[in-house]
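The structure under discussion appears below in the form of structure tokens.
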Amino acid sequence: MGSASGKQLKAGAFLSYVSIALNGIVGLLYMPFMLRMLGQAEYGLYVLATSVIAYLTVLDLGFANALVRYTACFRAEKKQQEQYEMFGMFLLIYAVIGFIAFGLGMVLYFTAGYWFDASMGTEDLQKFRIMILLMAFNLAFTFPLGIFGGIISAYENFVFRKAVNIACIVLNPLVMVLLLSFGYRAIGMVVVTTLFNLAALSINYWYCKKQLKIKVRFGRFRWDFFKEVGVYSFWIFLNAIMDRIYWSTGQFVLGISSGVAAVAVYAVAIQLQHIYMSFSTAISGVFLPKVTAMVTKENNEKAISDLFIRTGRIQYIIMVFVLTGFIVFGKPFILLWAGPDYEETYWIALCFFVPLTVPLIQNLGITILQACNQMKFRSILYVIIAIASLGISIPLAKQYGGIGCAIGTASALIAGQIVAMNIYYYKKIHIDIPLFWKEIGKMSVPSVVIGASFYYLSIVYAINSISQLVVCILVFSLVYIPLFWFTGMNPYERGLFMQPVKKIITRFSNNKYD
């Protein structure tokens, strides 16, 4: 069983990277087609409806994570009866949540005119209402049936769940392309998304019943256990609220104050921000299992601080390369990829990328806080900062549109995730933050010099085609990588990046002479 579980973990981890890569590739290839077929106004309408309904997903209240955790605990303790009764409890809870979510969706449906009458015409408002209705219906089923996906994860059947996810990632845009080609627009996209979601939920239910032999039993409702689950879920719930306020509020505010075209421009920047964050997520996924064990066992503050700095440097190597490349080539890329109507997306995306880089290269700090049992401060701080960002973004959005909204979000990121958390890491966790920034500063010198040089050249010699953009990026990479290799990286980091290359060469050599 242990061996099978280990294989599932390895295969699941591999498929996670496949999902990340596919999401990025599909986003880059499918997005420009969708933007051109829908048009800016229709795409803005679609994004606005999606972001508004996304607020209702916080009704999960963090229970999804609790379901996985407690299922794993009951399995380890071989408490099958308690496990099945817990599934019944969660199904009842989520059925109630689904009903509430649908009810709130109906409230949004009937009050849409109150919120968006000033920024939408009659036809757009009618389309918006239909999309809200379909998405609320989707959410009503997603909450209760979603527990079966959590059960599959808790049973460590990662391969099946990831395979279903990958199938949806590939098939969804293919069907969307066909629909858009035949003239269907935003409402058609919502219908397809709903059908794919219901299909995935049904497949998960079938797998739990037929393959895992899961039973759902409705016994006495255990209020003491529910209270325990609620306490565990609360901090996860706070993080979910923070995430929604950060990344969904902008579209809602712009939808009210500036109209659907501004929402479209802002939404493309959010898409790019998700891709940018995935680079860090992929890297941290490689290092964090080992790091977690070291942090948990290591009581030496200097060793933990050194680990924080070393891991931050490794992540910064990748992130500063992507960031420098985007600063230099981001504007021509967006103009060629999304179209001339999306030029402002470049500046909005930069407002996200620059401050986001710091928490992304410091995400080992989250693991350290978990090991030290000090997540409470971070959760409360992030909710406060997220609410403050909303307060800043509303007047700035009214005055400056998407850029104003992005500045509000960026200000919150700087105040909370950079200034406050760095002070906390330094004062409470005793991480050597001054040394961390000294190391990052030294690493930044080659990136600043190369980036400034190529940015100047990109202004002098305008990039007007995809072929020119590809050639310029290749030239940039050929100059950047060797210079940064020798001037920005230390011997340990060079060795770390060379290890997989050496393994491939060794394996190839062994196969050649076999």
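All residue names refer to the structure tokens as shown: chains lettered A, B, ... in order, residues numbered from 1 in each chain, ligands numbered from 1 in order.
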
Worksheet entry | Selection: 12 Å around Val358 (chain A), only C-alpha atoms, excl. self and same-chain fewer than 3 positions, as a ChimeraX atom specification | /A:277,280,312-313,315-316,319-320,323,352-355,361-365,410,413-419,421-422,436-437,440

Fill in: Who sits within 12 Å of region 479-482 of chain A, only C-alpha atoms, same chain under 6 positions skipped, as a PyMOL selection string
chain A and resi 317-318+320-322+324-325+445-454+472-473+488-489+494

At a cut-off of 8 Å, can you tabulate as CSV every residue of region 191-221 of chain A near region 130-152 of chain A together with its closest atom pair and the distance in Å to one decimal, using only C-alpha atoms and ordering rows by chain then number?
```
residue,atom,partner,partner_atom,distance
A:Val191,CA,A:Leu134,CA,7.1
A:Thr194,CA,A:Asn138,CA,5.7
A:Asn197,CA,A:Asn138,CA,7.7
A:Leu198,CA,A:Asn138,CA,7.5
A:Leu201,CA,A:Leu145,CA,6.0
A:Ser202,CA,A:Leu145,CA,7.7
A:Asn204,CA,A:Gly149,CA,5.7
A:Tyr205,CA,A:Phe148,CA,5.6
A:Cys208,CA,A:Phe148,CA,6.5
```

Just C-alpha atoms for this one: save the residues we selected as a PDB file, in the first residue's frame.
```pdb
ATOM      1  CA  VAL A 191     -23.044  26.925 -20.797  1.00  0.00           C
ATOM      2  CA  THR A 194     -21.212  24.527 -16.643  1.00  0.00           C
ATOM      3  CA  ASN A 197     -17.999  21.116 -14.515  1.00  0.00           C
ATOM      4  CA  LEU A 198     -21.092  18.951 -14.002  1.00  0.00           C
ATOM      5  CA  LEU A 201     -18.337  16.275 -10.683  1.00  0.00           C
ATOM      6  CA  SER A 202     -20.358  13.287 -11.911  1.00  0.00           C
ATOM      7  CA  ASN A 204     -15.748  12.008  -9.372  1.00  0.00           C
ATOM      8  CA  TYR A 205     -18.992  10.760  -7.792  1.00  0.00           C
ATOM      9  CA  CYS A 208     -15.959   7.255  -5.320  1.00  0.00           C
TER      10      CYS A 208
END
```

Worksheet item: Can you list, as a PyMOL selection string, every protein, DNA or RNA residue that comes within 9 Å of region 466-469 of chain A when you count only C-alpha atoms, leaving out same-chain residues fewer than 6 positions away?
Response: chain A and resi 329+332-333+336-337

Selection: 8 Å around Ala406 (chain A), only C-alpha atoms, excl. self and same-chain fewer than 2 positions, as an mmCIF file with C-alpha atoms, in the first residue's frame:
```cif
data_model
loop_
_atom_site.group_PDB
_atom_site.id
_atom_site.type_symbol
_atom_site.label_atom_id
_atom_site.label_comp_id
_atom_site.auth_asym_id
_atom_site.auth_seq_id
_atom_site.Cartn_x
_atom_site.Cartn_y
_atom_site.Cartn_z
ATOM 1 C CA GLY A 250 -10.972 45.063 -9.241
ATOM 2 C CA ILE A 348 -1.515 47.054 -14.915
ATOM 3 C CA CYS A 351 1.775 46.924 -10.964
ATOM 4 C CA PHE A 352 1.128 43.298 -9.971
ATOM 5 C CA SER A 393 -8.931 50.936 -5.110
ATOM 6 C CA GLY A 402 -7.781 50.060 -14.396
ATOM 7 C CA ILE A 403 -4.403 51.630 -13.572
ATOM 8 C CA GLY A 404 -5.868 53.229 -10.431
ATOM 9 C CA GLY A 408 -4.550 50.251 -4.996
ATOM 10 C CA THR A 409 -3.852 46.496 -5.062
ATOM 11 C CA ALA A 410 -0.087 47.058 -5.452
#
```

Practice prompt. Identify, on the basis of only C-alpha atoms, every residue whose closest approach to region 372-387 of chain A does not exceed 7 Å; exclude the query and any residue fewer than 3 positions from it along the same chain; express the result as a PyMOL selection string.
Written response: chain A and resi 235+238-239+242+245-246+368-369+390-391+412+416

Selection export as an mmCIF file, in the first residue's frame, atoms kept: N, CA, C and O atoms:
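Generated output (result05.cif):
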```cif
data_model
loop_
_atom_site.group_PDB
_atom_site.id
_atom_site.type_symbol
_atom_site.label_atom_id
_atom_site.label_comp_id
_atom_site.auth_asym_id
_atom_site.auth_seq_id
_atom_site.Cartn_x
_atom_site.Cartn_y
_atom_site.Cartn_z
ATOM 1 N N TRP A 235 -9.142 29.829 9.623
ATOM 2 C CA TRP A 235 -8.006 30.582 9.087
ATOM 3 C C TRP A 235 -7.874 30.383 7.579
ATOM 4 O O TRP A 235 -7.452 31.286 6.857
ATOM 5 N N LEU A 238 -10.366 32.764 6.077
ATOM 6 C CA LEU A 238 -9.850 34.126 6.035
ATOM 7 C C LEU A 238 -8.938 34.343 4.832
ATOM 8 O O LEU A 238 -9.007 35.377 4.163
ATOM 9 N N ASN A 239 -8.080 33.363 4.558
ATOM 10 C CA ASN A 239 -7.188 33.461 3.396
ATOM 11 C C ASN A 239 -7.976 33.487 2.089
ATOM 12 O O ASN A 239 -7.591 34.178 1.140
ATOM 13 N N MET A 242 -9.368 36.960 1.644
ATOM 14 C CA MET A 242 -8.278 37.846 1.213
ATOM 15 C C MET A 242 -7.998 37.674 -0.280
ATOM 16 O O MET A 242 -7.867 38.648 -1.021
ATOM 17 N N ILE A 245 -10.799 39.249 -2.380
ATOM 18 C CA ILE A 245 -10.772 40.720 -2.353
ATOM 19 C C ILE A 245 -9.630 41.233 -3.220
ATOM 20 O O ILE A 245 -9.791 42.189 -3.989
ATOM 21 N N TYR A 246 -8.459 40.579 -3.108
ATOM 22 C CA TYR A 246 -7.298 41.006 -3.900
ATOM 23 C C TYR A 246 -7.558 40.919 -5.404
ATOM 24 O O TYR A 246 -7.323 41.866 -6.145
ATOM 25 N N ILE A 368 7.685 28.100 7.296
ATOM 26 C CA ILE A 368 8.313 28.370 8.597
ATOM 27 C C ILE A 368 7.251 28.789 9.621
ATOM 28 O O ILE A 368 7.258 28.322 10.763
ATOM 29 N N LEU A 369 6.317 29.638 9.204
ATOM 30 C CA LEU A 369 5.238 30.057 10.107
ATOM 31 C C LEU A 369 4.372 28.871 10.526
ATOM 32 O O LEU A 369 3.955 28.767 11.687
ATOM 33 N N LEU A 390 -9.169 47.388 -0.965
ATOM 34 C CA LEU A 390 -10.485 47.692 -1.547
ATOM 35 C C LEU A 390 -10.826 49.163 -1.330
ATOM 36 O O LEU A 390 -11.288 49.851 -2.247
ATOM 37 N N GLY A 391 -10.563 49.657 -0.099
ATOM 38 C CA GLY A 391 -10.838 51.063 0.211
ATOM 39 C C GLY A 391 -10.026 52.025 -0.629
ATOM 40 O O GLY A 391 -10.520 53.091 -1.035
ATOM 41 N N ALA A 412 -1.391 47.751 -1.386
ATOM 42 C CA ALA A 412 -1.700 46.798 -0.318
ATOM 43 C C ALA A 412 -0.664 45.688 -0.259
ATOM 44 O O ALA A 412 -0.254 45.257 0.830
ATOM 45 N N GLY A 416 1.455 45.138 3.097
ATOM 46 C CA GLY A 416 1.221 43.908 3.855
ATOM 47 C C GLY A 416 2.236 42.818 3.614
ATOM 48 O O GLY A 416 2.926 42.375 4.535
#
```

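Counting only C-alpha atoms, the residue from A:Tyr424, A:Tyr17, A:Ala66, A:Tyr43 that sits nearest to Ser233 (chain A) is A:Ala66.
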
Worksheet item: Skipping near chain neighbours, those fewer than 2 positions away, what residues fall within 9 Å of region 167-180 of chain A using only C-alpha atoms, listed as a ChimeraX atom specification?
Response: /A:19,22-23,26,30,33-34,37-38,162-165,182-186,188-189,192-193,196-197,200

Residues from last step as file, N, CA, C and O atoms, as a compact mmCIF listing (two decimals), in the first residue's frame:
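To be explicit, this is the file written out as again_30.txt:
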```
# COMPACT_ATOMS: atom_id res chain seq x y z
N SER A 19 -0.28 19.97 -15.54
CA SER A 19 -1.44 20.87 -15.46
C SER A 19 -1.01 22.33 -15.52
O SER A 19 -1.62 23.14 -16.23
N LEU A 22 0.17 23.05 -19.07
CA LEU A 22 -0.96 23.09 -20.00
C LEU A 22 -1.79 24.35 -19.80
O LEU A 22 -2.24 24.97 -20.77
N ASN A 23 -2.03 24.72 -18.54
CA ASN A 23 -2.78 25.95 -18.26
C ASN A 23 -2.10 27.16 -18.89
O ASN A 23 -2.76 28.03 -19.48
N VAL A 26 -2.29 26.72 -22.87
CA VAL A 26 -3.67 26.95 -23.33
C VAL A 26 -4.03 28.43 -23.20
O VAL A 26 -4.64 29.03 -24.10
N TYR A 30 -5.05 30.11 -26.52
CA TYR A 30 -6.50 30.25 -26.62
C TYR A 30 -6.98 31.68 -26.37
O TYR A 30 -7.91 32.16 -27.03
N PHE A 33 -7.29 34.20 -29.37
CA PHE A 33 -8.40 33.81 -30.25
C PHE A 33 -9.73 34.22 -29.62
O PHE A 33 -10.59 34.82 -30.28
N MET A 34 -9.89 33.92 -28.33
CA MET A 34 -11.13 34.24 -27.62
C MET A 34 -11.36 35.75 -27.58
O MET A 34 -12.47 36.23 -27.80
N MET A 37 -12.50 36.94 -31.01
CA MET A 37 -13.82 36.45 -31.40
C MET A 37 -14.93 37.09 -30.57
O MET A 37 -16.01 37.38 -31.08
N LEU A 38 -14.67 37.29 -29.28
CA LEU A 38 -15.68 37.89 -28.41
C LEU A 38 -15.77 39.40 -28.57
O LEU A 38 -16.85 39.98 -28.53
N LYS A 162 -6.14 14.25 -11.21
CA LYS A 162 -5.33 15.11 -12.07
C LYS A 162 -5.62 14.83 -13.55
O LYS A 162 -5.63 15.74 -14.38
N ALA A 163 -5.87 13.55 -13.86
CA ALA A 163 -6.17 13.18 -15.25
C ALA A 163 -7.49 13.81 -15.71
O ALA A 163 -7.59 14.31 -16.84
N VAL A 164 -8.50 13.80 -14.82
CA VAL A 164 -9.79 14.44 -15.14
C VAL A 164 -9.58 15.94 -15.34
O VAL A 164 -10.13 16.54 -16.27
N ASN A 165 -8.77 16.54 -14.46
CA ASN A 165 -8.48 17.97 -14.55
C ASN A 165 -7.79 18.32 -15.86
O ASN A 165 -8.15 19.30 -16.54
N PHE A 182 -18.60 29.20 -34.58
CA PHE A 182 -19.97 29.16 -35.09
C PHE A 182 -20.80 30.37 -34.64
O PHE A 182 -22.01 30.42 -34.88
N GLY A 183 -20.16 31.32 -33.95
CA GLY A 183 -20.85 32.56 -33.62
C GLY A 183 -21.40 32.66 -32.21
O GLY A 183 -21.98 33.69 -31.84
N TYR A 184 -21.29 31.59 -31.43
CA TYR A 184 -21.73 31.66 -30.03
C TYR A 184 -20.76 32.53 -29.25
O TYR A 184 -19.56 32.54 -29.50
N ARG A 185 -21.28 33.23 -28.23
CA ARG A 185 -20.42 34.17 -27.53
C ARG A 185 -20.39 33.88 -26.04
O ARG A 185 -20.31 32.73 -25.62
N ALA A 186 -20.44 34.90 -25.20
CA ALA A 186 -20.20 34.73 -23.77
C ALA A 186 -21.16 33.75 -23.10
O ALA A 186 -20.74 32.89 -22.31
N GLY A 188 -22.77 31.24 -24.42
CA GLY A 188 -22.40 29.90 -24.88
C GLY A 188 -21.20 29.37 -24.10
O GLY A 188 -21.14 28.18 -23.75
N MET A 189 -20.22 30.24 -23.80
CA MET A 189 -19.04 29.84 -23.03
C MET A 189 -19.42 29.43 -21.61
O MET A 189 -18.89 28.45 -21.08
N VAL A 192 -21.02 25.93 -21.73
CA VAL A 192 -20.01 24.88 -21.90
C VAL A 192 -19.25 24.65 -20.59
O VAL A 192 -19.04 23.50 -20.18
N THR A 193 -18.84 25.72 -19.93
CA THR A 193 -18.13 25.60 -18.64
C THR A 193 -18.98 24.86 -17.62
O THR A 193 -18.49 23.99 -16.89
N PHE A 196 -19.14 21.09 -18.55
CA PHE A 196 -17.87 20.42 -18.24
C PHE A 196 -17.72 20.22 -16.73
O PHE A 196 -17.26 19.16 -16.28
N ASN A 197 -18.11 21.21 -15.97
CA ASN A 197 -18.00 21.12 -14.51
C ASN A 197 -18.91 20.02 -13.97
O ASN A 197 -18.49 19.21 -13.14
N ALA A 200 -17.41 16.63 -14.80
CA ALA A 200 -16.27 16.30 -13.92
C ALA A 200 -16.77 15.89 -12.53
O ALA A 200 -16.27 14.92 -11.94
```

Worksheet entry | Interatomic distance, CA of Ile392 (chain A) to CA of Phe279 (chain A) (Å, one decimal) | 28.6 Å
